[in-house]
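**Q** My questions will all concern the structure given below.
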Amino acid sequence: MRLGCFLPCFWLLRGLLLCPAAAAGAWRRGTFPHHVVLDENGKYHFRWKHDNTTITFEVEVETRGYVGLGFSPTGSMAQSDMVIGGVANGRPYLKDYNTLNFAGKLNEDHHQDYRLEYGMENNTHTIIAFSRNLHSCDKKDKIITENTVRVIWAYHPEDVKQDNPHYHELNRGRKSLHLLNPVMDTFIPNDALVFNIRHYNVSLPIKDTTYWCQIFKLPTLTKKHHVIRVEPIIQKGHEHLVHHILLYQCHSILNDSALEVGHECYNSNMPDDFFNCESIILAWAIGGKGFSYPPDVGLSLGTSADPVYVMMEVHYDNTNYQEGYVDSSGLKLFYTPVLRKYDAGVIETGVWVSLYHMIPPDMSRYISQGHCTMECLQEALTQEKPSGIHVFAVLLHSHLAGQALRIRHFRNDVEQPLLAHDDEFDFNFQEFRHLKEERVLLPGDSLVTECQYNTTSRSNMTWGGLSTRDEMCLSYLLYYPKIDLSRCESLPEIVPQLGFIGVKEIYQPVMTWPFIIKSPKKYKDLSFTEAMNKFKWSKKKGREFNKLVHGIEMNIRCAKHDQREWQVLFLIQVHGIPILPPSIQPWEPKSEMEPVTCRTTWQYSDPLCVFLSLTLYVILTAGI
């Protein structure tokens, strides 16, 4: 028998002969390293595991009816790949569906690419396990990749009858996940100590974006410890409100007087002490779970080089301008005196947050590039760690217009495989990703954080800034061993950008922000942001502007943990000499795609396979 025929025949026979055994309870439940509860009431448990070609799921739901699971491009029913199963009359069933129409109508898929593994139910719950190929070769099925996957779920108290399933009504939801994350050890030893850093009863103003900061003192330790895990403490009901939390180390010049009160960050009257806390040591973002360091890595506490004081910044995203929010969220640190081999560090890379980072309106694809330059990494690594540092996890960060984010890695100007990427970025789901393989950064390397935006729903410019309607293009690299490098970023020069719309002169000296334009007459006495919005943008002009920005000079930031610049960059900036970015084209997904050989699902197009499968089935069942 031909191998190409034998394999699908095997799967056919497996389904025909073994599903009754599953129904009869002869199957043992599998073990799954990944687990998440999809609903707020704890009724829908979702587990999964994967290898290089296949992914297997188990859903355990508090119902005796059907359960549904799907993958959606937007989080809605429309255009989704779905599977529905259950246990009826003691026998498990499973069927592949899709909703490839904007009405969200459920259609049975002609190619049944999901394989039933087992199913069972008791008086309260239904359990169904099933598998599929990551790439099923069915255009109606979603290809499962390392990108963010928007998982949709539903269930119903009744099983599927002869017709389509009954409408699930309110028993439904969505959750974004990274299905192909590597399995990480989350074990916490019994002797681990816990320290909470949290705001208490912060009354939020009635506005869409609030950054709230407060300085805290870390535990007083007589010897070195390592933080081994960090978990968010999100006040119940505020999961949608707390967008991200950053923890900055503060200069040693502070004292306990800085601990008294919290205050709005980036405000004209915020405490001066806040300016002494600018180097990020921990980060968490919406949708993320707890984060564990690798077994041989930890965040150092308790030495003379470690911070005594930290500032916690919480970004609250109150898009509905709801009043009455009082929040007490924060972070939980697990730390231990049992030291690990390496100290962890964090490097912020990408586009320096500024109004000089601007994105035209009505653009379906606009790409910003933030450079961590060869000069910066060369000096920092050569002086601190010539053998290189090991990146083990990455957090990609953008706002509402962000569509796809990636970190490109160059070695002596030769591009390496992507360090990290997400072509289906979800603003409401941002978490650190452990890399499948650690990446070494060496002297001579450079990084480019590249963000792709969609502004087709906007009529004005989008600016770099703090609000969720503003934009960022950042990536946070977790690495070891720690070196004295906190930020490695770039920002395009403003003069060429203003020259694109015809600005000739600004008022000097600059007395206001944003600064004011002097000529030409059509922009006279407008701020540069007003002038950019006055310009008549078109898709063609937007593309031309994007090309210009990729080639103009840029300001660079190569900061130590005390915010001093590394010497080579310090000299450049003292003399006011911006540098040109490397000449690189925006990354194209096709260059990273691995070829997949697709055949017709189950090989049912092969008449010999169908004949042999049916013949073998008749023989075996007659023998039984």
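Chain identifiers are assigned as A, B, and so on, following the order in which chains appear in the structure tokens; residues are numbered from 1 within each chain, and ligands are numbered from 1 in order of appearance.
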If you count only C-alpha atoms, which residues fall within 6 Å of Phe216 of chain A, apart from same-chain ones fewer than 3 positions away, as a list of chain:residue names?
**A**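 Selected residues are A:Leu259, A:Tyr309, A:Val310.
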**Q** Could you save the residues just selected, with N, CA and C atoms, as a PDB file, in the first residue's frame?
**A**
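selection_4.pdb, written as the output of this step:
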ATOM      1  N   LEU A 259       8.306  58.310  49.698  1.00  0.00           N
ATOM      2  CA  LEU A 259       7.312  57.236  49.728  1.00  0.00           C
ATOM      3  C   LEU A 259       5.910  57.717  50.052  1.00  0.00           C
ATOM      4  N   TYR A 309      14.892  51.781  46.096  1.00  0.00           N
ATOM      5  CA  TYR A 309      13.566  52.324  45.809  1.00  0.00           C
ATOM      6  C   TYR A 309      13.200  52.026  44.358  1.00  0.00           C
ATOM      7  N   VAL A 310      11.907  51.792  44.127  1.00  0.00           N
ATOM      8  CA  VAL A 310      11.381  51.591  42.779  1.00  0.00           C
ATOM      9  C   VAL A 310      10.133  52.440  42.610  1.00  0.00           C
TER      10      VAL A 310
END
**Q** Where in segment 160-357 of chain A does DSSP assign strand (DSSP E or B), given as number ranges by chain?
**A** A: 172-177, 193-198, 202-203, 209-217, 225-233, 242-250, 263-264, 277-285, 287, 291-292, 297-301, 309-317, 326-327, 330-336, 342-343, 345-351
**Q** Could you give me, as CSV, a per-residue list for segment 257-353 of chain A showing, wherever an atom lies at most 6 Å from an atom of segment 477-498 of chain A, the closest pair of atoms and their distance in Å to one decimal, using only C-alpha atoms and sorting by chain then residue number from low to high?
**A**
residue,atom,partner,partner_atom,distance
A:Ser279,CA,A:Ser486,CA,5.9
A:Tyr342,CA,A:Pro481,CA,5.5
A:Asp343,CA,A:Pro481,CA,5.3
A:Ala344,CA,A:Tyr480,CA,4.7
A:Gly345,CA,A:Lys482,CA,4.6
A:Val346,CA,A:Leu478,CA,4.8
A:Ile347,CA,A:Ser486,CA,4.9
A:Glu348,CA,A:Arg487,CA,4.7
A:Thr349,CA,A:Cys488,CA,4.9
A:Gly350,CA,A:Glu489,CA,5.0
A:Val351,CA,A:Ser490,CA,5.3
A:Trp352,CA,A:Leu491,CA,5.4
**Q** With distances taken over only C-alpha atoms, which of A:Ile556, A:Val87, A:Leu180, A:Ile584 is nearest to Val414 of chain A?
**A**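 The shortest atom-to-atom distance to Val414 of chain A comes from A:Ile584.
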**Q** Residues at most 7 Å from segment 539-544 of chain A, counting only C-alpha atoms, excluding those fewer than 2 positions away in the same chain, as a count of residues only?
**A** 7
**Q** Need the shell around Leu218 of chain A: protein/DNA/RNA residues with any atom at most 9 Å away, counting only C-alpha atoms. Skip same-chain ones fewer than 3 positions apart. Format as JSON, numbers by chain?
**A** {"A": [195, 197, 221, 301, 302, 307, 308, 309, 310]}
**Q** Could you check the closest approach to Ile367 of chain A for each of A:His178, A:His434, A:Arg406, A:Lys332 and tell me which residue wins, using only C-alpha atoms?
**A**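 Using only C-alpha atoms, Ile367 of chain A sits closest to A:Arg406.
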**Q** Kindly assemble as a tab-separated table a list of the segment 188-238 of chain A residues that lie within 12 Å of segment 266-278 of chain A, each paired with its nearest atom pair and their distance in Å to one decimal, using only C-alpha atoms, sorted first by chain and then by ascending residue number.
**A**
residue	atom	partner	partner_atom	distance
A:Thr209	CA	A:Tyr266	CA	11.7
A:Thr210	CA	A:Tyr266	CA	9.6
A:Tyr211	CA	A:Tyr266	CA	7.5
A:Trp212	CA	A:Tyr266	CA	8.9
A:Cys213	CA	A:Phe274	CA	8.0
A:Gln214	CA	A:Phe274	CA	8.1
A:Ile215	CA	A:Phe274	CA	7.7
A:Phe216	CA	A:Cys277	CA	11.1
**Q** Those residues you just picked out, can you put them in a file as a PDB file, in the first residue's frame with all heavy atoms?
**A**
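And here is the file that came out, result21.pdb:
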ATOM      1  N   THR A 209      -7.216  58.211  29.531  1.00  0.00           N
ATOM      2  CA  THR A 209      -5.877  57.714  29.833  1.00  0.00           C
ATOM      3  C   THR A 209      -5.333  58.354  31.100  1.00  0.00           C
ATOM      4  O   THR A 209      -5.286  59.590  31.198  1.00  0.00           O
ATOM      5  CB  THR A 209      -4.911  57.995  28.664  1.00  0.00           C
ATOM      6  OG1 THR A 209      -5.386  57.327  27.492  1.00  0.00           O
ATOM      7  CG2 THR A 209      -3.507  57.505  28.994  1.00  0.00           C
ATOM      8  N   THR A 210      -4.938  57.538  32.045  1.00  0.00           N
ATOM      9  CA  THR A 210      -4.293  58.023  33.266  1.00  0.00           C
ATOM     10  C   THR A 210      -3.064  57.167  33.550  1.00  0.00           C
ATOM     11  O   THR A 210      -3.145  55.930  33.547  1.00  0.00           O
ATOM     12  CB  THR A 210      -5.242  57.935  34.475  1.00  0.00           C
ATOM     13  OG1 THR A 210      -6.394  58.736  34.233  1.00  0.00           O
ATOM     14  CG2 THR A 210      -4.544  58.417  35.746  1.00  0.00           C
ATOM     15  N   TYR A 211      -1.931  57.819  33.776  1.00  0.00           N
ATOM     16  CA  TYR A 211      -0.722  57.141  34.241  1.00  0.00           C
ATOM     17  C   TYR A 211      -0.521  57.542  35.700  1.00  0.00           C
ATOM     18  O   TYR A 211      -0.373  58.725  36.003  1.00  0.00           O
ATOM     19  CB  TYR A 211       0.490  57.561  33.416  1.00  0.00           C
ATOM     20  CG  TYR A 211       0.573  56.903  32.054  1.00  0.00           C
ATOM     21  CD1 TYR A 211      -0.247  57.302  31.005  1.00  0.00           C
ATOM     22  CD2 TYR A 211       1.482  55.870  31.818  1.00  0.00           C
ATOM     23  CE1 TYR A 211      -0.174  56.702  29.764  1.00  0.00           C
ATOM     24  CE2 TYR A 211       1.575  55.266  30.581  1.00  0.00           C
ATOM     25  CZ  TYR A 211       0.743  55.683  29.555  1.00  0.00           C
ATOM     26  OH  TYR A 211       0.821  55.083  28.321  1.00  0.00           O
ATOM     27  N   TRP A 212      -0.529  56.552  36.585  1.00  0.00           N
ATOM     28  CA  TRP A 212      -0.398  56.832  38.012  1.00  0.00           C
ATOM     29  C   TRP A 212       0.904  56.232  38.527  1.00  0.00           C
ATOM     30  O   TRP A 212       1.202  55.060  38.287  1.00  0.00           O
ATOM     31  CB  TRP A 212      -1.576  56.261  38.789  1.00  0.00           C
ATOM     32  CG  TRP A 212      -1.628  56.759  40.206  1.00  0.00           C
ATOM     33  CD1 TRP A 212      -1.129  56.152  41.324  1.00  0.00           C
ATOM     34  CD2 TRP A 212      -2.200  57.997  40.652  1.00  0.00           C
ATOM     35  NE1 TRP A 212      -1.354  56.922  42.441  1.00  0.00           N
ATOM     36  CE2 TRP A 212      -2.014  58.068  42.058  1.00  0.00           C
ATOM     37  CE3 TRP A 212      -2.854  59.041  40.003  1.00  0.00           C
ATOM     38  CZ2 TRP A 212      -2.456  59.142  42.817  1.00  0.00           C
ATOM     39  CZ3 TRP A 212      -3.291  60.114  40.751  1.00  0.00           C
ATOM     40  CH2 TRP A 212      -3.096  60.166  42.146  1.00  0.00           C
ATOM     41  N   CYS A 213       1.688  57.033  39.237  1.00  0.00           N
ATOM     42  CA  CYS A 213       3.004  56.603  39.711  1.00  0.00           C
ATOM     43  C   CYS A 213       3.108  56.741  41.230  1.00  0.00           C
ATOM     44  O   CYS A 213       2.521  57.652  41.819  1.00  0.00           O
ATOM     45  CB  CYS A 213       4.114  57.445  39.070  1.00  0.00           C
ATOM     46  SG  CYS A 213       4.356  57.129  37.307  1.00  0.00           S
ATOM     47  N   GLN A 214       3.886  55.858  41.820  1.00  0.00           N
ATOM     48  CA  GLN A 214       4.212  55.948  43.234  1.00  0.00           C
ATOM     49  C   GLN A 214       5.535  55.243  43.484  1.00  0.00           C
ATOM     50  O   GLN A 214       5.846  54.229  42.851  1.00  0.00           O
ATOM     51  CB  GLN A 214       3.115  55.328  44.105  1.00  0.00           C
ATOM     52  CG  GLN A 214       3.350  55.519  45.600  1.00  0.00           C
ATOM     53  CD  GLN A 214       2.148  55.132  46.438  1.00  0.00           C
ATOM     54  OE1 GLN A 214       1.049  54.976  45.929  1.00  0.00           O
ATOM     55  NE2 GLN A 214       2.352  54.979  47.737  1.00  0.00           N
ATOM     56  N   ILE A 215       6.316  55.783  44.418  1.00  0.00           N
ATOM     57  CA  ILE A 215       7.611  55.208  44.755  1.00  0.00           C
ATOM     58  C   ILE A 215       7.464  54.284  45.966  1.00  0.00           C
ATOM     59  O   ILE A 215       6.763  54.607  46.926  1.00  0.00           O
ATOM     60  CB  ILE A 215       8.647  56.320  45.021  1.00  0.00           C
ATOM     61  CG1 ILE A 215       8.908  57.095  43.720  1.00  0.00           C
ATOM     62  CG2 ILE A 215       9.950  55.744  45.565  1.00  0.00           C
ATOM     63  CD1 ILE A 215       9.805  58.302  43.878  1.00  0.00           C
ATOM     64  N   PHE A 216       8.110  53.126  45.899  1.00  0.00           N
ATOM     65  CA  PHE A 216       8.048  52.123  46.960  1.00  0.00           C
ATOM     66  C   PHE A 216       9.475  51.737  47.362  1.00  0.00           C
ATOM     67  O   PHE A 216      10.405  51.812  46.561  1.00  0.00           O
ATOM     68  CB  PHE A 216       7.306  50.872  46.492  1.00  0.00           C
ATOM     69  CG  PHE A 216       5.872  51.110  46.124  1.00  0.00           C
ATOM     70  CD1 PHE A 216       5.533  51.561  44.857  1.00  0.00           C
ATOM     71  CD2 PHE A 216       4.860  50.878  47.037  1.00  0.00           C
ATOM     72  CE1 PHE A 216       4.211  51.773  44.504  1.00  0.00           C
ATOM     73  CE2 PHE A 216       3.532  51.090  46.695  1.00  0.00           C
ATOM     74  CZ  PHE A 216       3.203  51.544  45.434  1.00  0.00           C
TER      75      PHE A 216
END
